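Encoded as structure tokens, the structure appears first; notes follow it.
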Amino acid sequence: MTDIERTEANEAQIAVHWKEEQYFEPAQEFIDQALMRDPTMRERFGEKNFPDCFREYADILTWFKPYETVLDASNPPFWKWFTGGKLNASYNCVDRHLDEHRNKGALIFVSEPEDEVPYVMTYQELYHRVNEMAALLQGECGLKAGDRVTLHLPMTLDLPITMLACARLGVIHSQVFGGFSGSACADRIKDSGSHHLITIDAYWRSGKLIDHKANADIAVKVAEELGQKVDKVLIWQRYPGKYSSPTPRVDGRDVFINDLLKQYRGRRVAPVPMDAEAPLFLMYSSGTTGKPKGCQHRTGGYLAYVAATSKYVQDIHPTDTYWCMADIGWITGHSYIVYGPLAIAATSVIYEGTPTYPDMNRPWRIAEQLGVNIFHTSPTAIRALRRLGPDAPIHGPQHFKHMTTVGEPIEPKAWRWYYEQVGKSKAVICDTWWQTENGGFLCSTLPALDKMKPGSAGPALPGIYPVIFDDEGHEIPKGSGRAGNMCIRNPWPGIIQTIWGDDQRFVDTYYRRFCKNPNSRDWRDWPYVSGDGAMDAPDGYFRILGRIDDVINVSGHRLGTKEIDSACLTVPEVSEAAVVPVHDEIKGTVPEVYVSVPSGTKDPDAVARRVVKACEDIIGKIARPEKVYVVPDMPKTRSGKIMRRVLASISNRRDVGDVTSLANPEIVETIRIEVQGK
Ligand code: WT7
């Protein structure tokens, strides 16, 4: 591979250069115990049985009232799943397991400080805590079904308890990733119309006790400026009974949850029977343009889909110890730390801190200590852990039976290390492809039934019928070796209902592009557009090539270019801003920022520092640009559009191509020299 090929801008091109890989067979030991061993499953979920095949998923749940219709597709693309049915997510994840699993661990909390012993919360205790918290939300805040509440919580047990308490009441929770800034939280408070913010005083991250309460004050202030008044801030305490934040409490607004809970000890709240179509939660995600979208997930379809995929793809038995090393603040954590695993009575691990703290072996120590046998993480984490020494045997668990990866394409080299060193060539690997909007996995091997192929997410899961279109909307035939737009032809239970408060944006973003006939009432005319590029190999395995829209995937987390650009533009000296994705050995992709400033601007370094700070303050540390280049002008088309592609080529040390048709071609070389040197 030449240097130029090596440094293509994004995962897409990098992936294209991967060659076909050999298959790996699942170990017999795994197959013998797997929950899904029926080779006819894909056939049963074939198109001739659609949508009835999904009854099997709904049957995993306990319904208060049985549903009447599996899929109501009469108003595309606003699909309705399991209509007429009533259920409660909290009941399904907690109450119904008590008879059989009362004193089994539901959640195991691991603090970042290693001297704090892991805390095993049983289903019985989770039941108590969720009930008491639900009673508090009712009693203190008057919250009821359909209300929205914003959570800005890190990885402690308080987060799933709060989520399940909301679900018990039918209150729609909107958890904002704890690492996001107060200002990013405010946007989501405003958009969801929340009057309550639930937060925590402090939490541990990379050896520091972070003052998180300070973010709440910013969030409330900014939300108010945006026109959304927050009546109450409910504060968990990282160490109950003790306030661990230096930021003062605001009288009349801030309350300590642990204090209030004393009045609710032993209280029970009956789980509210919710319509299958009632929204369960919102999860904000970045898109191509504009503000983050409130992805609105339904109760019945979502829960059925995540429960079934936890069972059949992750193979979680109640006797397993399962650890998904993601953050609950992202969809992965909602679906595969909380709702999916708990719906099937798993024991699910929650780790508070940074995986690499205090050293690279921490995850393996945790796994060993807790006896984790199913492990779920991202390629970014795998690459970082591999750094320890690609060939150094890890001092780790000998007993993973199953490992999953999610969030970005994983290159075969990292896959093989994961398989050989971490999984000791025994554990199966599922490379799971999906998105915030999808609720759960869409492509992956079924671990006991399909062979693994490094670098490929595998075939579509049962009941999912993908199609790849070229830009003109023609189907690209399987095995042609050509990449195109990855789409799903049919609705499935995990798909979002809509974008909160913006049906039009929902249709435009996901269904407009390849819709054959906007007046059609037939789901077959309404393929879902994922925004990813992909290739379908002759064996039906999909190789996901990454985003083809203006979205940057940093460590498996989605950031919109528009969001980052806008943050940079808040710095007064900055006239124009453009963020580009740059290939990174560990994180897959990192953002680099170009800003133009008026000529004569003094101290460009100070401008660059302010740009970095603006990204951190407005979005969060995750959006921190790796580099900021202060340039005299941007390469532009004659119509004045900034040529992000040209900047990306410069950052990635790749040929910029023909730029002669630009309005200002000479600037390209000036910028190139500034970035790469002569
Ligand atoms: C984007 C979705 C839902 C998982 C966490 C990220 C990329 C996700 C894979 C995979 C290649 C992947 C896609 C997708 N992606 N999984 N196994 N292989 N790429 O959720 O923030 O909604 O991002 O992550 O580009 O569109 P998200």
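Residue numbers start at 1 in each chain; chains themselves are named A, B, ... in the order of the structure tokens; ligands are numbered from 1 in the order shown.
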
Please tabulate, as a Markdown table, the residues of chain A that come within 7 Å of ligand 1, each with its closest pair of atoms and the distance in Å to one decimal, counting only C-alpha atoms and all ligand atoms and ordering rows by chain, then residue number upward.
```
| residue | atom | partner | partner_atom_place_in_ligand_line | distance |
| --- | --- | --- | --- | --- |
| A:Ser285 | CA | ligand 1 | 22 (O) | 6.6 |
| A:Ile331 | CA | ligand 1 | 3 (C) | 6.0 |
| A:Thr332 | CA | ligand 1 | 4 (C) | 5.5 |
| A:Thr405 | CA | ligand 1 | 17 (N) | 6.4 |
| A:Val406 | CA | ligand 1 | 17 (N) | 4.4 |
| A:Gly407 | CA | ligand 1 | 8 (C) | 3.4 |
| A:Glu408 | CA | ligand 1 | 19 (N) | 3.5 |
| A:Pro409 | CA | ligand 1 | 11 (C) | 3.4 |
| A:Ile410 | CA | ligand 1 | 18 (N) | 6.5 |
| A:Asp431 | CA | ligand 1 | 17 (N) | 5.0 |
| A:Thr432 | CA | ligand 1 | 17 (N) | 4.2 |
| A:Trp433 | CA | ligand 1 | 17 (N) | 3.6 |
| A:Trp434 | CA | ligand 1 | 3 (C) | 4.7 |
| A:Gln435 | CA | ligand 1 | 3 (C) | 3.7 |
| A:Thr436 | CA | ligand 1 | 22 (O) | 3.6 |
| A:Glu437 | CA | ligand 1 | 22 (O) | 6.5 |
| A:Ala457 | CA | ligand 1 | 17 (N) | 5.4 |
| A:Ser530 | CA | ligand 1 | 26 (O) | 6.3 |
| A:Gly531 | CA | ligand 1 | 26 (O) | 6.2 |
| A:Asp532 | CA | ligand 1 | 26 (O) | 5.3 |
| A:Ile544 | CA | ligand 1 | 11 (C) | 4.8 |
| A:Leu545 | CA | ligand 1 | 11 (C) | 6.5 |
| A:Gly546 | CA | ligand 1 | 25 (O) | 4.3 |
| A:Arg547 | CA | ligand 1 | 25 (O) | 4.8 |
| A:Asn553 | CA | ligand 1 | 24 (O) | 6.5 |
| A:Gly556 | CA | ligand 1 | 6 (C) | 5.4 |
| A:His557 | CA | ligand 1 | 21 (O) | 4.5 |
| A:Arg558 | CA | ligand 1 | 21 (O) | 4.3 |
```

Output N, CA, C and O atoms for every residue in that selection, as an mmCIF file, in the first residue's frame.
```cif
data_model
loop_
_atom_site.group_PDB
_atom_site.id
_atom_site.type_symbol
_atom_site.label_atom_id
_atom_site.label_comp_id
_atom_site.auth_asym_id
_atom_site.auth_seq_id
_atom_site.Cartn_x
_atom_site.Cartn_y
_atom_site.Cartn_z
ATOM 1 N N SER A 285 -28.458 12.655 18.839
ATOM 2 C CA SER A 285 -27.343 12.224 18.009
ATOM 3 C C SER A 285 -27.060 13.283 16.956
ATOM 4 O O SER A 285 -27.966 14.012 16.557
ATOM 5 N N ILE A 331 -26.094 5.339 22.841
ATOM 6 C CA ILE A 331 -27.117 4.320 22.601
ATOM 7 C C ILE A 331 -26.597 2.923 22.956
ATOM 8 O O ILE A 331 -27.342 2.082 23.448
ATOM 9 N N THR A 332 -25.324 2.662 22.723
ATOM 10 C CA THR A 332 -24.787 1.337 23.049
ATOM 11 C C THR A 332 -25.087 0.977 24.494
ATOM 12 O O THR A 332 -25.489 -0.137 24.812
ATOM 13 N N THR A 405 -17.652 -6.131 19.155
ATOM 14 C CA THR A 405 -17.084 -4.827 18.861
ATOM 15 C C THR A 405 -18.140 -4.000 18.136
ATOM 16 O O THR A 405 -18.984 -4.526 17.433
ATOM 17 N N VAL A 406 -18.085 -2.692 18.352
ATOM 18 C CA VAL A 406 -19.110 -1.813 17.810
ATOM 19 C C VAL A 406 -18.577 -0.401 17.637
ATOM 20 O O VAL A 406 -17.686 0.012 18.351
ATOM 21 N N GLY A 407 -19.124 0.306 16.689
ATOM 22 C CA GLY A 407 -18.902 1.752 16.635
ATOM 23 C C GLY A 407 -18.113 2.234 15.446
ATOM 24 O O GLY A 407 -18.313 3.345 14.985
ATOM 25 N N GLU A 408 -17.179 1.426 14.972
ATOM 26 C CA GLU A 408 -16.369 1.816 13.817
ATOM 27 C C GLU A 408 -15.944 0.527 13.136
ATOM 28 O O GLU A 408 -15.984 -0.531 13.749
ATOM 29 N N PRO A 409 -15.466 0.672 11.899
ATOM 30 C CA PRO A 409 -14.899 -0.521 11.281
ATOM 31 C C PRO A 409 -13.655 -0.947 12.064
ATOM 32 O O PRO A 409 -12.906 -0.101 12.539
ATOM 33 N N ILE A 410 -13.470 -2.221 12.228
ATOM 34 C CA ILE A 410 -12.252 -2.694 12.888
ATOM 35 C C ILE A 410 -11.356 -3.306 11.817
ATOM 36 O O ILE A 410 -11.800 -4.150 11.025
ATOM 37 N N ASP A 431 -18.838 -8.590 15.229
ATOM 38 C CA ASP A 431 -18.642 -7.193 14.837
ATOM 39 C C ASP A 431 -20.032 -6.659 14.500
ATOM 40 O O ASP A 431 -20.616 -7.025 13.481
ATOM 41 N N THR A 432 -20.555 -5.822 15.378
ATOM 42 C CA THR A 432 -21.952 -5.418 15.259
ATOM 43 C C THR A 432 -22.073 -4.032 14.656
ATOM 44 O O THR A 432 -21.530 -3.071 15.176
ATOM 45 N N TRP A 433 -22.788 -3.940 13.549
ATOM 46 C CA TRP A 433 -23.010 -2.645 12.903
ATOM 47 C C TRP A 433 -24.426 -2.157 13.164
ATOM 48 O O TRP A 433 -25.383 -2.912 12.974
ATOM 49 N N TRP A 434 -24.522 -0.929 13.589
ATOM 50 C CA TRP A 434 -25.833 -0.287 13.786
ATOM 51 C C TRP A 434 -25.612 1.160 14.151
ATOM 52 O O TRP A 434 -24.472 1.629 14.173
ATOM 53 N N GLN A 435 -26.703 1.873 14.467
ATOM 54 C CA GLN A 435 -26.639 3.306 14.731
ATOM 55 C C GLN A 435 -27.636 3.695 15.817
ATOM 56 O O GLN A 435 -28.578 2.944 16.086
ATOM 57 N N THR A 436 -27.437 4.888 16.359
ATOM 58 C CA THR A 436 -28.347 5.401 17.388
ATOM 59 C C THR A 436 -29.812 5.232 16.980
ATOM 60 O O THR A 436 -30.661 4.855 17.777
ATOM 61 N N GLU A 437 -30.088 5.515 15.724
ATOM 62 C CA GLU A 437 -31.468 5.480 15.227
ATOM 63 C C GLU A 437 -32.035 4.068 15.166
ATOM 64 O O GLU A 437 -33.237 3.885 15.043
ATOM 65 N N ALA A 457 -18.687 -6.671 9.096
ATOM 66 C CA ALA A 457 -19.684 -6.732 10.163
ATOM 67 C C ALA A 457 -20.520 -7.994 10.047
ATOM 68 O O ALA A 457 -21.255 -8.333 10.961
ATOM 69 N N SER A 530 -29.006 4.835 5.781
ATOM 70 C CA SER A 530 -28.183 4.845 6.993
ATOM 71 C C SER A 530 -27.166 5.971 7.019
ATOM 72 O O SER A 530 -26.711 6.360 8.080
ATOM 73 N N GLY A 531 -26.765 6.468 5.847
ATOM 74 C CA GLY A 531 -25.689 7.462 5.819
ATOM 75 C C GLY A 531 -24.303 6.834 5.803
ATOM 76 O O GLY A 531 -23.300 7.528 5.783
ATOM 77 N N ASP A 532 -24.241 5.502 5.815
ATOM 78 C CA ASP A 532 -22.959 4.804 5.735
ATOM 79 C C ASP A 532 -22.733 4.281 4.322
ATOM 80 O O ASP A 532 -23.680 3.917 3.624
ATOM 81 N N ILE A 544 -18.619 -2.454 6.244
ATOM 82 C CA ILE A 544 -19.072 -1.085 6.447
ATOM 83 C C ILE A 544 -17.885 -0.150 6.256
ATOM 84 O O ILE A 544 -16.816 -0.363 6.828
ATOM 85 N N LEU A 545 -18.082 0.863 5.431
ATOM 86 C CA LEU A 545 -16.942 1.698 5.056
ATOM 87 C C LEU A 545 -16.936 3.045 5.756
ATOM 88 O O LEU A 545 -16.043 3.849 5.541
ATOM 89 N N GLY A 546 -17.907 3.321 6.572
ATOM 90 C CA GLY A 546 -17.923 4.589 7.298
ATOM 91 C C GLY A 546 -18.907 5.581 6.715
ATOM 92 O O GLY A 546 -19.577 5.311 5.714
ATOM 93 N N ARG A 547 -18.954 6.731 7.340
ATOM 94 C CA ARG A 547 -19.952 7.730 6.977
ATOM 95 C C ARG A 547 -19.681 8.314 5.601
ATOM 96 O O ARG A 547 -18.536 8.546 5.236
ATOM 97 N N ASN A 553 -16.772 10.386 12.857
ATOM 98 C CA ASN A 553 -16.899 9.343 13.854
ATOM 99 C C ASN A 553 -15.600 9.302 14.662
ATOM 100 O O ASN A 553 -14.580 8.816 14.199
ATOM 101 N N GLY A 556 -15.773 6.043 17.620
ATOM 102 C CA GLY A 556 -17.097 5.423 17.591
ATOM 103 C C GLY A 556 -18.198 6.331 18.073
ATOM 104 O O GLY A 556 -19.313 5.897 18.290
ATOM 105 N N HIS A 557 -17.912 7.611 18.240
ATOM 106 C CA HIS A 557 -18.954 8.553 18.632
ATOM 107 C C HIS A 557 -19.149 9.586 17.541
ATOM 108 O O HIS A 557 -18.204 10.100 16.974
ATOM 109 N N ARG A 558 -20.400 9.864 17.302
ATOM 110 C CA ARG A 558 -20.731 10.677 16.156
ATOM 111 C C ARG A 558 -20.718 12.163 16.469
ATOM 112 O O ARG A 558 -21.335 12.607 17.414
#
```

Quiz item: So which residues touch Arg267 of chain A within 7 Å, counting only C-alpha atoms, skipping near sequence neighbours fewer than 6 positions away, as an MDAnalysis selection string?
Solution: chainID A and resid 131:132 135

Quiz item: Looking only at the backbone, which of the residues in segment 568-632 of chain A does DSSP tag as strand (DSSP E), as a PyMOL selection string?
Solution: chain A and resi 576-584+588-596+627-631

Residues just named, written with C-alpha atoms as an mmCIF file, in the first residue's frame:
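Result written to result06.cif:
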```cif
data_model
loop_
_atom_site.group_PDB
_atom_site.id
_atom_site.type_symbol
_atom_site.label_atom_id
_atom_site.label_comp_id
_atom_site.auth_asym_id
_atom_site.auth_seq_id
_atom_site.Cartn_x
_atom_site.Cartn_y
_atom_site.Cartn_z
ATOM 1 C CA GLU A 576 -14.635 30.808 8.792
ATOM 2 C CA ALA A 577 -14.193 27.324 10.183
ATOM 3 C CA ALA A 578 -14.049 23.830 8.743
ATOM 4 C CA VAL A 579 -13.427 20.628 10.625
ATOM 5 C CA VAL A 580 -12.063 17.576 8.806
ATOM 6 C CA PRO A 581 -11.728 13.913 9.762
ATOM 7 C CA VAL A 582 -8.135 12.742 10.029
ATOM 8 C CA HIS A 583 -6.986 9.145 10.215
ATOM 9 C CA ASP A 584 -5.600 8.179 13.606
ATOM 10 C CA GLY A 588 -9.797 5.716 13.915
ATOM 11 C CA THR A 589 -10.637 9.311 13.186
ATOM 12 C CA VAL A 590 -9.898 12.562 14.970
ATOM 13 C CA PRO A 591 -11.083 16.087 14.156
ATOM 14 C CA GLU A 592 -8.668 18.728 12.895
ATOM 15 C CA VAL A 593 -9.899 22.253 12.482
ATOM 16 C CA TYR A 594 -9.093 24.968 9.966
ATOM 17 C CA VAL A 595 -10.059 28.512 10.866
ATOM 18 C CA SER A 596 -9.514 31.601 8.797
ATOM 19 C CA LYS A 627 -4.920 20.395 15.759
ATOM 20 C CA VAL A 628 -6.123 23.849 14.861
ATOM 21 C CA TYR A 629 -4.649 25.527 11.780
ATOM 22 C CA VAL A 630 -5.116 29.270 11.589
ATOM 23 C CA VAL A 631 -5.055 30.118 7.887
#
```

Practice problem: Do a neighbour search on segment 540-542 of chain A at 7 Å with only C-alpha atoms, toss out local chain neighbours closer than 5 positions, and write the hits as JSON, numbers by chain. | Solution: {"A": [456, 457, 458, 459, 534, 535]}

I need the chosen residues saved as a PDB file, in the first residue's frame, with C-alpha atoms.
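This went into part17.pdb:
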```pdb
ATOM      1  CA  SER A 456     -16.690  -7.435   7.994  1.00  0.00           C
ATOM      2  CA  ALA A 457     -19.684  -6.732  10.163  1.00  0.00           C
ATOM      3  CA  GLY A 458     -21.135  -9.918   8.795  1.00  0.00           C
ATOM      4  CA  PRO A 459     -24.510 -10.678   7.281  1.00  0.00           C
ATOM      5  CA  ALA A 534     -20.842  -0.297   2.467  1.00  0.00           C
ATOM      6  CA  MET A 535     -19.945  -3.193   0.218  1.00  0.00           C
TER       7      MET A 535
END
```

Quiz item: Within 9 Å of segment 516-529 of chain A, counting only C-alpha atoms, which residues qualify if same-chain residues fewer than 4 places away don't, as a ChimeraX atom specification?
Solution: /A:73-77,79,466-467,485-491,509-512

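Among the candidate residues A:Gly463, A:Pro454, A:Gly440, A:Pro477, the one lying nearest to Tyr336 of chain A is A:Gly440, with distances computed using only C-alpha atoms.
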
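Nearest residue to Asp327 of chain A among A:Phe177, A:Trp417, A:Tyr23, A:Tyr305 is A:Phe177, counting only C-alpha atoms.
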
Practice problem: DSSP on the backbone, then: every residue of segment 115-172 of chain A marked alpha helix (DSSP H), written as a PyMOL selection string. | Solution: chain A and resi 123-141+158-169

Self-check item: Residues within 8 Å of Tyr127 of chain A, only C-alpha atoms, excluding chain neighbours under 3 positions, as number ranges by chain
Solution: A: 94-95, 123-124, 130-131

Quiz item: Which residues come within 10 Å of Lys451 of chain A, counting only C-alpha atoms, excluding same-chain residues fewer than 4 positions away, as JSON, numbers by chain?
Solution: {"A": [22, 23, 24, 25, 26, 428, 429, 430, 445, 446, 447, 458]}

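From atom CA of Glu56 of chain A back to atom CA of Thr69 of chain A, the distance works out to 13.5 Å.
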
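The space between atom CA of Asp72 of chain A and atom CA of Ile60 of chain A spans 20.3 Å.
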
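Excluding Glu29 of chain A and any residue on its chain fewer than 5 positions from it, the residues at most 9 Å away by only C-alpha atoms are A:Ala34, A:Lys401, A:Lys426.
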
Practice problem: Between A:Leu559, A:Cys141, A:Val230, A:Val656, single out the one closest to Lys621 of chain A, counting only C-alpha atoms. | Solution: A:Leu559

Quiz prompt | Which residue of A:Trp323, A:Trp236, A:Phe82, A:Tyr284 approaches Ser348 of chain A most closely, using only C-alpha atoms | solution = A:Trp323

Self-check item: Between atom CA of Ala346 of chain A and atom CA of His297 of chain A, distance in Å (one decimal)
Solution: 22.0 Å

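Using only C-alpha atoms, the nearest neighbour of Thr309 of chain A within the list A:Pro246, A:Gly266, A:Pro341, A:Pro635 is A:Pro341.
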
Quiz item: Taking only C-alpha atoms into account, which of A:Val220, A:Ile496, A:Ile161, A:Met634 comes nearest Ala186 of chain A?
Solution: A:Val220
